[in-house]
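J.: Input: one structure, supplied below.
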Amino acid sequence: MPMKTRELAQLLDGQAHGDADLTFERPTHPDHAGAGDLAVALDKTLLARLSDSAARIALVGEGQTPPEGSVDAWVSVGRPRFTMHLLTRHYDIPPAISPGVHPFAVVEDGAVLGEGVAIGPFCHIGRGARIGDGCRLVSAVTIGADATVGPGGLFFPGARVGERVTIGALAIIHSNAVIGADGFSFGPPEQGAVESAKASGRVDVINEYIVRVHSLGAVTLGDDVEIGANTCIDRGTLDDTRIGSGTKVDDLVMIGHNVKVGRMCMLCAQVGIAGSAVIGDGVVLAGRVGVADHITIGDNAVIGAGSGVGNNVPSREVWVGYPAMPKDKAAEQFMMTRRMKNLFKDVSELKKRVRSLPGIS
Amino acid sequence: MPMKTRELAQLLDGQAHGDADLTFERPTHPDHAGAGDLAVALDKTLLARLSDSAARIALVGEGQTPPEGSVDAWVSVGRPRFTMHLLTRHYDIPPAISPGVHPFAVVEDGAVLGEGVAIGPFCHIGRGARIGDGCRLVSAVTIGADATVGPGGLFFPGARVGERVTIGALAIIHSNAVIGADGFSFGPPEQGAVESAKASGRVDVINEYIVRVHSLGAVTLGDDVEIGANTCIDRGTLDDTRIGSGTKVDDLVMIGHNVKVGRMCMLCAQVGIAGSAVIGDGVVLAGRVGVADHITIGDNAVIGAGSGVGNNVPSREVWVGYPAMPKDKAAEQFMMTRRMKNLFKDVSELKKRVRSLPGIS
Amino acid sequence: MPMKTRELAQLLDGQAHGDADLTFERPTHPDHAGAGDLAVALDKTLLARLSDSAARIALVGEGQTPPEGSVDAWVSVGRPRFTMHLLTRHYDIPPAISPGVHPFAVVEDGAVLGEGVAIGPFCHIGRGARIGDGCRLVSAVTIGADATVGPGGLFFPGARVGERVTIGALAIIHSNAVIGADGFSFGPPEQGAVESAKASGRVDVINEYIVRVHSLGAVTLGDDVEIGANTCIDRGTLDDTRIGSGTKVDDLVMIGHNVKVGRMCMLCAQVGIAGSAVIGDGVVLAGRVGVADHITIGDNAVIGAGSGVGNNVPSREVWVGYPAMPKDKAAEQFMMTRRMKNLFKDVSELKKRVRSLPGIS
């Protein structure tokens, strides 16, 4: 449904310029926009591309103006990320599924489905599971026995929710994510190779055989949690592994057994958190951060991409590197490494000079 | 079913203290225990928490005593990991599936199912596949044509077993694990960019087009192997990729084509082993270890978290770092890096002093 | 079907030696070959093993000769990788599926299936989706509404193709790969913790609440693209995330939203490419390379295993390390780090000497 430029300004709390009655179909990238599209150009690189764009309407940042003659109308807005949130929310296309249970779905006896629930083909709801009002299970989703899912959840094809797992309201679980596989808790019956390696740096004891510690706990996700595709969250041993409300987890992330992640965290792709680590509220782990077992990361800390965290991180600190350390320290080390060549030269020079001094043999 | 304190002592080969006839329902974490639960407090941190726990019965380490008045009965045990094994095994809840083939499962002609096999909904057993006695396929499991699975296996929803794959007895395969995708074996028909980069450090030849080497081999897992959620084990080119008996693999692990992993290894989450590497028996690869192609890691070696192994590792050695090196050498380098700032100062000071010496221009 | 030695020579454009009428059943590794097999021994290590192999026929590299008496016939060939391509292509076993739609598959109204398409059990084809001629969906494959798949595609069990995704001709999509999950685009409505960490190295602003930028774009794959098991390719925000023709992607790879990958690239296992990065044509990313958001990697660049790329890489360069840098520079730094111990000794010695000089207090 076409939208007028003036309506867009209203939606985004922005200002309309030029012909405010012009309409567009959908927002797009300036390079791919047709004459009927809105070209979204919220940064300066994109702004310049408007000259070559077919679009007649643009969305630009506060105080910015499209190149002369490039468009006939534009809306300017502050707060680009919030604008993108509002804009994309408006144009988001919901998945193609309607309420009801598909004839090729299996809902076991004792499962309870809320009002308006949509269960697509090849979904399997275990006995005693409870699915909250308005949940949508697009296709091939598995909900284990006695699991509980809050209202408004959206589950993409292949999402696996284990038995006795608890998921809060408004969850979004992407394809092939696995919530509630068993924790990886194995070892020799007594002290073994790993303990020996840690203590002495050598392997004095070998792992002749390995015992399994079973996972009696499950996983609990708070409200408004999003879990990325192919991400794994393992069960706890006695207690549940827990993810706080509002936390967002990207694809291919590993969250080990007994881990506690706080509220409103962002865990980017390929992050790995080993068993029993504790992540505070508001923490940001950039792509592929690794966190060792039993580590604590304080509230609102930010860890840079690819870092390996082997020490506790205080609140609000910024750490990077492998091994991770405070950012300024890491930067200093990096700079020193770059200057090491000069250091070698200086020392070599000094040696020559000192050797040539009178009184030095 | 409630258990008496004295029965717990018997189960765990421990000693009962206090009111040995007191009963509990289930073992839990001290912080989450109710009055009818067993509080498991095998380390000192947890022991202290017993004061605030609602539980009346505790499980503690050998020689330890709960805080005065915190509980009415307790069992003390040695060997905490083995105790956890025994305890959690007793209380483990089997998945909700019973023998038989679900009407929404597909078993192709020529597939052979053992005694007491349980095949849940949306499972697909390919033609000629053989499923051993007592196997449980919880839901949505795929077993490819001519694959063989030994007795007692447990397959969680979404596990994918490729055609002609062989799996031993007592396997546990977690959700969405993929055993038997094709190996990643591509390259230009002749020497290409990678060979050029390795030889000269430059790209003198570009990959104009790429040919595919197909995977004629499959994957063979020994007995008592566990494979984590979303883990991938690729087929071999001519021979099978092989994992030895007793080896445990965590979630999101990559095992490339032609790799051989020995017996009784532990491969933690997000480990990656490139093509044709050979991992001995009893090896421990901590979280996110990477192993380059064609590398050999000797028996019972231990590699620290996040390491990148680009050289062969002798038996029983402990290596860490990127690039990985023996642990003591890595520790030395790390210490030197930390002291580098002083080194720069010292050299700067020396330069000044030497410059100021009589007879130095 | 048995093949004669002379037929093998013809197939591989090689030369037959010895009894060219001898036949074999299948190519195998020399160590696992039976008397009726072809032992493939294209490198010198394998050549030596022919002495202990049961095989009577071997395939060897150009100019190489099997050990005296080890076999009765052999074929010698140049270009080992191309030979392996030809050989394995000939012996590759197609998946066990025939044209037609399985009664336990769901094809929604408005989906269009090409000629000779094979749709296995538990596959779900969304409304408006188009599946090209000759595509094979082995089992439990999901194709979202309005997605388009070109002719000749092969989809393994559990592959997930999101709504509106476009896939070219001849695609191979491995098990549990997810093409078209939502991009991970979250943040506070205004500048937040990450911006603060980047600017000042401290977290001066915390993420009180997080907004979601929805993914209006989809994913577009070119022709002849292969995607590995459990790999994720996320949707773009406004435009599609794009992978060029001929590009091959291994297992457990993460490709973030808005990323553009060129033609004929090879992305090895566990690679991660963050949002909006641009990867040129012919690029090779070795195992577990990480690429930061908005980075550009030039055509035909090669990045070494485990590297973390935080800067733009020019065409045809070879970079390695964390952080990644040109290979010769990284090698120099590595060598200097190894010699650092001597540097400390030298400086300590110099200090002693200078202190002992006459006229130095």
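Residue numbering restarts at 1 for every chain of the structure tokens, chains are lettered A, B, ... in their displayed order, and ligands are numbered from 1 as they appear.
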Chain B near chain C within 8 Å: what's each residue's closest atom pair and its distance in Å to one decimal, counting only C-alpha atoms, ordered by chain then ascending residue number, as a Markdown table?
T.:
| residue | atom | partner | partner_atom | distance |
| --- | --- | --- | --- | --- |
| B:Phe104 | CA | C:Phe104 | CA | 8.0 |
| B:Val106 | CA | C:Pro121 | CA | 7.5 |
| B:Phe122 | CA | C:Phe122 | CA | 6.6 |
| B:His124 | CA | C:Pro121 | CA | 7.5 |
| B:Gly126 | CA | C:Ala96 | CA | 7.8 |
| B:Arg127 | CA | C:Ala96 | CA | 7.9 |
| B:Thr142 | CA | C:Pro157 | CA | 7.1 |
| B:Ala145 | CA | C:Ala96 | CA | 6.6 |
| B:Gly158 | CA | C:Gly158 | CA | 7.2 |
| B:Arg160 | CA | C:Pro157 | CA | 6.9 |
| B:Glu163 | CA | C:Pro95 | CA | 7.6 |
| B:Asn176 | CA | C:Asn176 | CA | 6.7 |
| B:Val178 | CA | C:Ser175 | CA | 6.6 |
| B:Ala181 | CA | C:His174 | CA | 6.5 |
| B:Asp182 | CA | C:His174 | CA | 7.9 |
| B:Phe184 | CA | C:Asp250 | CA | 5.9 |
| B:Phe186 | CA | C:Met266 | CA | 7.9 |
| B:Gly187 | CA | C:Arg81 | CA | 7.5 |
| B:Pro188 | CA | C:Phe82 | CA | 7.8 |
| B:Pro189 | CA | C:Phe82 | CA | 4.7 |
| B:Glu190 | CA | C:Arg79 | CA | 5.8 |
| B:Ala193 | CA | C:Val302 | CA | 7.2 |
| B:Val194 | CA | C:Val302 | CA | 6.9 |
| B:Ala197 | CA | C:Val318 | CA | 6.2 |
| B:Gly201 | CA | C:Val318 | CA | 6.1 |
| B:Arg202 | CA | C:Val318 | CA | 5.9 |
| B:Val203 | CA | C:Arg316 | CA | 5.2 |
| B:Asp204 | CA | C:Arg316 | CA | 7.8 |
| B:Ile206 | CA | C:Asn300 | CA | 6.2 |
| B:Asn207 | CA | C:Gly282 | CA | 5.9 |
| B:Glu208 | CA | C:Gly282 | CA | 7.5 |
| B:Tyr209 | CA | C:Met264 | CA | 6.7 |
| B:Ile210 | CA | C:Met264 | CA | 7.0 |
| B:Val211 | CA | C:His85 | CA | 6.4 |
| B:Arg212 | CA | C:His85 | CA | 5.6 |
| B:Val213 | CA | C:His85 | CA | 4.4 |
| B:His214 | CA | C:Thr88 | CA | 5.1 |
| B:Ser215 | CA | C:Thr88 | CA | 7.0 |
| B:Leu216 | CA | C:Asp92 | CA | 5.9 |
| B:Asn230 | CA | C:Asn230 | CA | 6.5 |
| B:Thr231 | CA | C:Asn230 | CA | 7.9 |
| B:Cys232 | CA | C:Ala229 | CA | 6.8 |
| B:Leu238 | CA | C:Thr28 | CA | 5.1 |
| B:Asp239 | CA | C:His29 | CA | 5.9 |
| B:Leu252 | CA | C:Leu252 | CA | 7.4 |
| B:Met254 | CA | C:Ala269 | CA | 7.1 |
| B:Gly272 | CA | C:Gln270 | CA | 7.5 |
| B:Ala274 | CA | C:Gly287 | CA | 7.5 |
| B:Gly290 | CA | C:Gly306 | CA | 7.6 |
| B:Ala292 | CA | C:Ala305 | CA | 7.7 |
| B:Gly308 | CA | C:Gly306 | CA | 6.9 |
| B:Gln333 | CA | C:Thr337 | CA | 7.3 |
| B:Met336 | CA | C:Met340 | CA | 7.4 |
| B:Leu343 | CA | C:Phe344 | CA | 7.2 |
| B:Asp346 | CA | C:Val347 | CA | 7.4 |
| B:Val347 | CA | C:Val347 | CA | 7.0 |
| B:Leu350 | CA | C:Lys351 | CA | 7.0 |
| B:Arg353 | CA | C:Val354 | CA | 7.9 |
| B:Val354 | CA | C:Val354 | CA | 7.5 |
| B:Leu357 | CA | C:Gly359 | CA | 7.9 |
J.: With only C-alpha atoms as the counted atoms, please give the residues lying no more than 6 Å from Thr241 of chain C, apart from itself and same-chain residues fewer than 3 positions off, as a ChimeraX atom specification.
T.: /C:219,235-236,257-260
J.: Would you mind exporting N, CA, C and O atoms of the selected residues as a PDB file, in the first residue's frame?
T.:
ATOM      1  N   VAL C 219      18.009 -13.116   0.931  1.00  0.00           N
ATOM      2  CA  VAL C 219      19.335 -13.602   0.555  1.00  0.00           C
ATOM      3  C   VAL C 219      19.266 -14.008  -0.902  1.00  0.00           C
ATOM      4  O   VAL C 219      18.260 -14.580  -1.334  1.00  0.00           O
ATOM      5  N   ARG C 235      19.536 -12.567   6.316  1.00  0.00           N
ATOM      6  CA  ARG C 235      18.916 -11.601   5.416  1.00  0.00           C
ATOM      7  C   ARG C 235      19.556 -10.221   5.535  1.00  0.00           C
ATOM      8  O   ARG C 235      20.051  -9.862   6.601  1.00  0.00           O
ATOM      9  N   GLY C 236      19.441  -9.441   4.480  1.00  0.00           N
ATOM     10  CA  GLY C 236      19.850  -8.052   4.535  1.00  0.00           C
ATOM     11  C   GLY C 236      18.754  -7.177   5.136  1.00  0.00           C
ATOM     12  O   GLY C 236      17.607  -7.604   5.286  1.00  0.00           O
ATOM     13  N   HIS C 257      24.215 -10.058   7.949  1.00  0.00           N
ATOM     14  CA  HIS C 257      23.277  -9.319   7.104  1.00  0.00           C
ATOM     15  C   HIS C 257      24.005  -8.290   6.236  1.00  0.00           C
ATOM     16  O   HIS C 257      24.964  -7.668   6.654  1.00  0.00           O
ATOM     17  N   ASN C 258      23.530  -8.162   5.033  1.00  0.00           N
ATOM     18  CA  ASN C 258      24.024  -7.174   4.048  1.00  0.00           C
ATOM     19  C   ASN C 258      25.389  -7.526   3.462  1.00  0.00           C
ATOM     20  O   ASN C 258      25.915  -6.762   2.649  1.00  0.00           O
ATOM     21  N   VAL C 259      25.974  -8.630   3.870  1.00  0.00           N
ATOM     22  CA  VAL C 259      27.287  -9.011   3.335  1.00  0.00           C
ATOM     23  C   VAL C 259      27.164  -9.303   1.838  1.00  0.00           C
ATOM     24  O   VAL C 259      26.148  -9.824   1.371  1.00  0.00           O
ATOM     25  N   LYS C 260      28.203  -8.923   1.100  1.00  0.00           N
ATOM     26  CA  LYS C 260      28.304  -9.309  -0.311  1.00  0.00           C
ATOM     27  C   LYS C 260      29.556 -10.164  -0.457  1.00  0.00           C
ATOM     28  O   LYS C 260      30.656  -9.699  -0.127  1.00  0.00           O
TER      29      LYS C 260
END
J.: Write out as a list in words all residues of segment 279-338 of chain A that DSSP puts in helix (DSSP H, G or I) for this structure's backbone.
T.: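 Residues of segment 279-338 of chain A classed as helix (DSSP H, G or I): Lys327, Asp328, Lys329, Ala330, Ala331, Glu332, Gln333, Phe334, Met335, Met336, Thr337 and Arg338 of chain A.
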J.: Under the rule that only C-alpha atoms are counted, which of C:Thr45, C:Ser245, C:Ser76, C:Ser200 is the nearest residue to Val60 of chain C?
T.: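 Nearest to Val60 of chain C: C:Ser76.
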J.: Might you pull out every residue within 9 Å of His17 of chain C, with only C-alpha atoms counted and same-chain residues fewer than 5 positions away left off, and present them as a list in words?
T.: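 My list of contacting residues is Thr5, Arg6, Asp72, Ala73, Trp74, Val75 and Ser76 of chain C.
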J.: So the first atom is atom CA of Ala105 of chain B and the second is atom CA of Ile125 of chain B; what is the distance between them in Å, to one decimal place?
T.: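 Distance reported for this atom pair: 8.3 Å.
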J.: What lies within 7 Å of segment 128-137 of chain C using only C-alpha atoms, ignoring chain neighbours under 3 positions off, as a compact mmCIF listing (two decimals) with all heavy atoms, in the first residue's frame?
T.:
# COMPACT_ATOMS: atom_id res chain seq x y z
N GLY C 110 -0.15 -22.54 -4.68
CA GLY C 110 0.58 -21.46 -5.34
C GLY C 110 2.06 -21.73 -5.48
O GLY C 110 2.77 -20.95 -6.10
N ALA C 111 2.55 -22.83 -4.89
CA ALA C 111 3.94 -23.21 -5.14
C ALA C 111 4.03 -23.84 -6.52
O ALA C 111 3.08 -24.48 -6.98
CB ALA C 111 4.44 -24.18 -4.07
N VAL C 112 5.15 -23.65 -7.19
CA VAL C 112 5.32 -24.16 -8.54
C VAL C 112 6.53 -25.09 -8.57
O VAL C 112 7.64 -24.68 -8.24
CB VAL C 112 5.54 -23.00 -9.54
CG1 VAL C 112 5.73 -23.55 -10.96
CG2 VAL C 112 4.38 -22.03 -9.48
N LEU C 113 6.29 -26.34 -8.97
CA LEU C 113 7.37 -27.31 -9.04
C LEU C 113 7.76 -27.55 -10.49
O LEU C 113 6.90 -27.77 -11.34
CB LEU C 113 6.94 -28.64 -8.42
CG LEU C 113 6.40 -28.59 -6.98
CD1 LEU C 113 6.13 -30.00 -6.45
CD2 LEU C 113 7.37 -27.86 -6.05
N GLY C 114 9.08 -27.53 -10.76
CA GLY C 114 9.55 -27.77 -12.12
C GLY C 114 9.44 -29.24 -12.51
O GLY C 114 8.98 -30.08 -11.74
N GLU C 115 9.92 -29.51 -13.71
CA GLU C 115 9.91 -30.88 -14.25
C GLU C 115 10.86 -31.78 -13.46
O GLU C 115 11.98 -31.38 -13.14
CB GLU C 115 10.44 -30.87 -15.68
CG GLU C 115 9.64 -30.07 -16.65
CD GLU C 115 8.61 -30.95 -17.35
OE1 GLU C 115 8.99 -32.04 -17.80
OE2 GLU C 115 7.44 -30.53 -17.41
N GLY C 116 10.41 -33.00 -13.18
CA GLY C 116 11.31 -34.00 -12.62
C GLY C 116 11.80 -33.72 -11.22
O GLY C 116 12.79 -34.29 -10.76
N VAL C 117 11.09 -32.83 -10.55
CA VAL C 117 11.49 -32.48 -9.18
C VAL C 117 11.22 -33.66 -8.24
O VAL C 117 10.23 -34.36 -8.38
CB VAL C 117 10.73 -31.21 -8.74
CG1 VAL C 117 10.64 -31.09 -7.24
CG2 VAL C 117 11.37 -29.98 -9.36
N ALA C 118 12.13 -33.87 -7.27
CA ALA C 118 11.95 -34.91 -6.26
C ALA C 118 11.82 -34.25 -4.89
O ALA C 118 12.71 -33.52 -4.46
CB ALA C 118 13.16 -35.86 -6.25
N ILE C 119 10.70 -34.48 -4.23
CA ILE C 119 10.42 -33.86 -2.93
C ILE C 119 10.23 -34.99 -1.92
O ILE C 119 9.22 -35.69 -1.94
CB ILE C 119 9.15 -33.00 -2.98
CG1 ILE C 119 9.17 -32.02 -4.17
CG2 ILE C 119 8.92 -32.29 -1.66
CD1 ILE C 119 9.94 -30.77 -3.95
N GLY C 120 11.19 -35.15 -1.02
CA GLY C 120 11.15 -36.24 -0.05
C GLY C 120 10.17 -36.00 1.08
O GLY C 120 9.53 -34.95 1.16
N ILE C 125 7.06 -26.90 1.18
CA ILE C 125 7.28 -25.86 0.16
C ILE C 125 6.22 -24.80 0.37
O ILE C 125 5.03 -25.06 0.21
CB ILE C 125 7.15 -26.45 -1.26
CG1 ILE C 125 7.88 -27.79 -1.40
CG2 ILE C 125 7.62 -25.44 -2.31
CD1 ILE C 125 9.36 -27.72 -1.25
N VAL C 141 13.24 -30.86 4.14
CA VAL C 141 13.74 -29.57 3.69
C VAL C 141 12.60 -28.55 3.74
O VAL C 141 11.47 -28.88 3.40
CB VAL C 141 14.30 -29.68 2.25
CG1 VAL C 141 14.63 -28.31 1.68
CG2 VAL C 141 15.51 -30.60 2.23
N GLY C 144 10.76 -21.57 2.12
CA GLY C 144 9.78 -20.59 2.58
C GLY C 144 8.93 -20.02 1.45
O GLY C 144 9.26 -20.13 0.26
N ALA C 145 7.86 -19.37 1.84
CA ALA C 145 6.94 -18.76 0.90
C ALA C 145 7.69 -17.80 -0.03
O ALA C 145 8.57 -17.06 0.40
CB ALA C 145 5.85 -18.01 1.65
N ASP C 146 7.32 -17.85 -1.32
CA ASP C 146 7.86 -16.92 -2.31
C ASP C 146 9.37 -17.03 -2.52
O ASP C 146 9.99 -16.14 -3.11
CB ASP C 146 7.49 -15.47 -1.96
CG ASP C 146 5.99 -15.26 -1.99
OD1 ASP C 146 5.35 -15.73 -2.95
OD2 ASP C 146 5.44 -14.68 -1.05
N ALA C 147 9.99 -18.09 -2.04
CA ALA C 147 11.39 -18.34 -2.36
C ALA C 147 11.49 -18.89 -3.77
O ALA C 147 10.54 -19.48 -4.29
CB ALA C 147 12.02 -19.30 -1.37
N THR C 148 12.67 -18.70 -4.40
CA THR C 148 12.88 -19.19 -5.76
C THR C 148 14.16 -20.01 -5.79
O THR C 148 15.21 -19.54 -5.36
CB THR C 148 13.04 -18.02 -6.74
OG1 THR C 148 11.87 -17.22 -6.67
CG2 THR C 148 13.22 -18.52 -8.17
N VAL C 149 14.06 -21.22 -6.31
CA VAL C 149 15.22 -22.10 -6.41
C VAL C 149 15.42 -22.47 -7.87
O VAL C 149 14.48 -22.93 -8.52
CB VAL C 149 15.01 -23.37 -5.56
CG1 VAL C 149 16.15 -24.35 -5.76
CG2 VAL C 149 14.85 -23.01 -4.09
N GLY C 150 16.64 -22.27 -8.38
CA GLY C 150 16.93 -22.57 -9.78
C GLY C 150 16.98 -24.07 -10.05
O GLY C 150 16.88 -24.89 -9.12
N PRO C 151 17.18 -24.43 -11.32
CA PRO C 151 17.17 -25.86 -11.68
C PRO C 151 18.36 -26.62 -11.13
O PRO C 151 19.43 -26.06 -10.89
CB PRO C 151 17.21 -25.82 -13.21
CG PRO C 151 17.76 -24.49 -13.57
CD PRO C 151 17.36 -23.55 -12.47
N GLY C 152 18.15 -27.92 -10.93
CA GLY C 152 19.26 -28.81 -10.62
C GLY C 152 19.76 -28.74 -9.19
O GLY C 152 20.83 -29.28 -8.89
N GLY C 153 19.05 -28.11 -8.30
CA GLY C 153 19.51 -27.98 -6.91
C GLY C 153 19.39 -29.29 -6.15
O GLY C 153 18.52 -30.11 -6.42
N LEU C 154 20.28 -29.46 -5.17
CA LEU C 154 20.27 -30.64 -4.30
C LEU C 154 20.25 -30.15 -2.86
O LEU C 154 21.17 -29.45 -2.42
CB LEU C 154 21.51 -31.50 -4.57
CG LEU C 154 21.75 -32.69 -3.66
CD1 LEU C 154 20.57 -33.65 -3.66
CD2 LEU C 154 23.03 -33.42 -4.08
N PHE C 155 19.21 -30.52 -2.13
CA PHE C 155 19.01 -30.02 -0.76
C PHE C 155 18.99 -31.20 0.19
O PHE C 155 18.15 -32.09 0.07
CB PHE C 155 17.68 -29.26 -0.66
CG PHE C 155 17.69 -27.98 -1.43
CD1 PHE C 155 17.57 -27.99 -2.82
CD2 PHE C 155 17.82 -26.75 -0.80
CE1 PHE C 155 17.59 -26.81 -3.55
CE2 PHE C 155 17.84 -25.57 -1.51
CZ PHE C 155 17.72 -25.60 -2.89
N PHE C 156 19.89 -31.20 1.15
CA PHE C 156 19.98 -32.30 2.10
C PHE C 156 19.04 -32.08 3.30
O PHE C 156 18.59 -30.96 3.54
CB PHE C 156 21.43 -32.48 2.55
CG PHE C 156 22.28 -33.12 1.48
CD1 PHE C 156 23.03 -32.35 0.60
CD2 PHE C 156 22.31 -34.51 1.35
CE1 PHE C 156 23.80 -32.94 -0.40
CE2 PHE C 156 23.08 -35.10 0.35
CZ PHE C 156 23.82 -34.32 -0.52
J.: Please indicate the distance in Å from atom CA of Asp52 of chain C to atom CA of Gly34 of chain C, rounded to one decimal place.
T.: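 Separation of atom CA of Asp52 of chain C and atom CA of Gly34 of chain C: 11.2 Å.
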J.: Please indicate the distance in Å from atom CA of Asp223 of chain B to atom CA of Val261 of chain B, rounded to one decimal place.
T.: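 About the pair atom CA of Asp223 of chain B and atom CA of Val261 of chain B: they are 13.1 Å apart.
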J.: Compare A:Ile172, A:Asp43, A:Gly244, A:Asp224 by their minimum atom-to-atom distance to Gly280 of chain A, counting only C-alpha atoms, and give me the closest one.
T.: A:Gly244
J.: Please list as a list in words every residue within 12 Å of Glu68 of chain A, counting only C-alpha atoms and excluding residues in the same chain fewer than 6 positions away.
T.: Gly18, Leu47, Ala48, Arg49, Leu50, Ser51, Asp52 and Trp74 of chain A
J.: Can those selected residues be exported to a file as a tab-separated table (two decimals), in the first residue's frame so that it contains N, CA and C atoms?
T.:
chain	number	residue	atom	x	y	z
A	18	GLY	N	10.01	19.14	0.17
A	18	GLY	CA	9.63	18.95	-1.23
A	18	GLY	C	8.15	18.58	-1.34
A	47	LEU	N	23.89	8.98	0.90
A	47	LEU	CA	23.33	10.27	0.46
A	47	LEU	C	23.88	10.63	-0.93
A	48	ALA	N	25.18	10.43	-1.11
A	48	ALA	CA	25.80	10.77	-2.39
A	48	ALA	C	25.26	9.91	-3.53
A	49	ARG	N	24.87	8.67	-3.18
A	49	ARG	CA	24.37	7.77	-4.24
A	49	ARG	C	22.99	8.14	-4.75
A	50	LEU	N	22.32	9.03	-4.05
A	50	LEU	CA	20.98	9.41	-4.50
A	50	LEU	C	21.01	9.99	-5.91
A	51	SER	N	22.14	10.59	-6.27
A	51	SER	CA	22.25	11.17	-7.62
A	51	SER	C	22.05	10.12	-8.70
A	52	ASP	N	22.48	8.89	-8.41
A	52	ASP	CA	22.37	7.81	-9.40
A	52	ASP	C	21.17	6.91	-9.15
A	74	TRP	N	11.81	14.51	0.27
A	74	TRP	CA	12.59	13.71	1.23
A	74	TRP	C	12.12	13.99	2.64
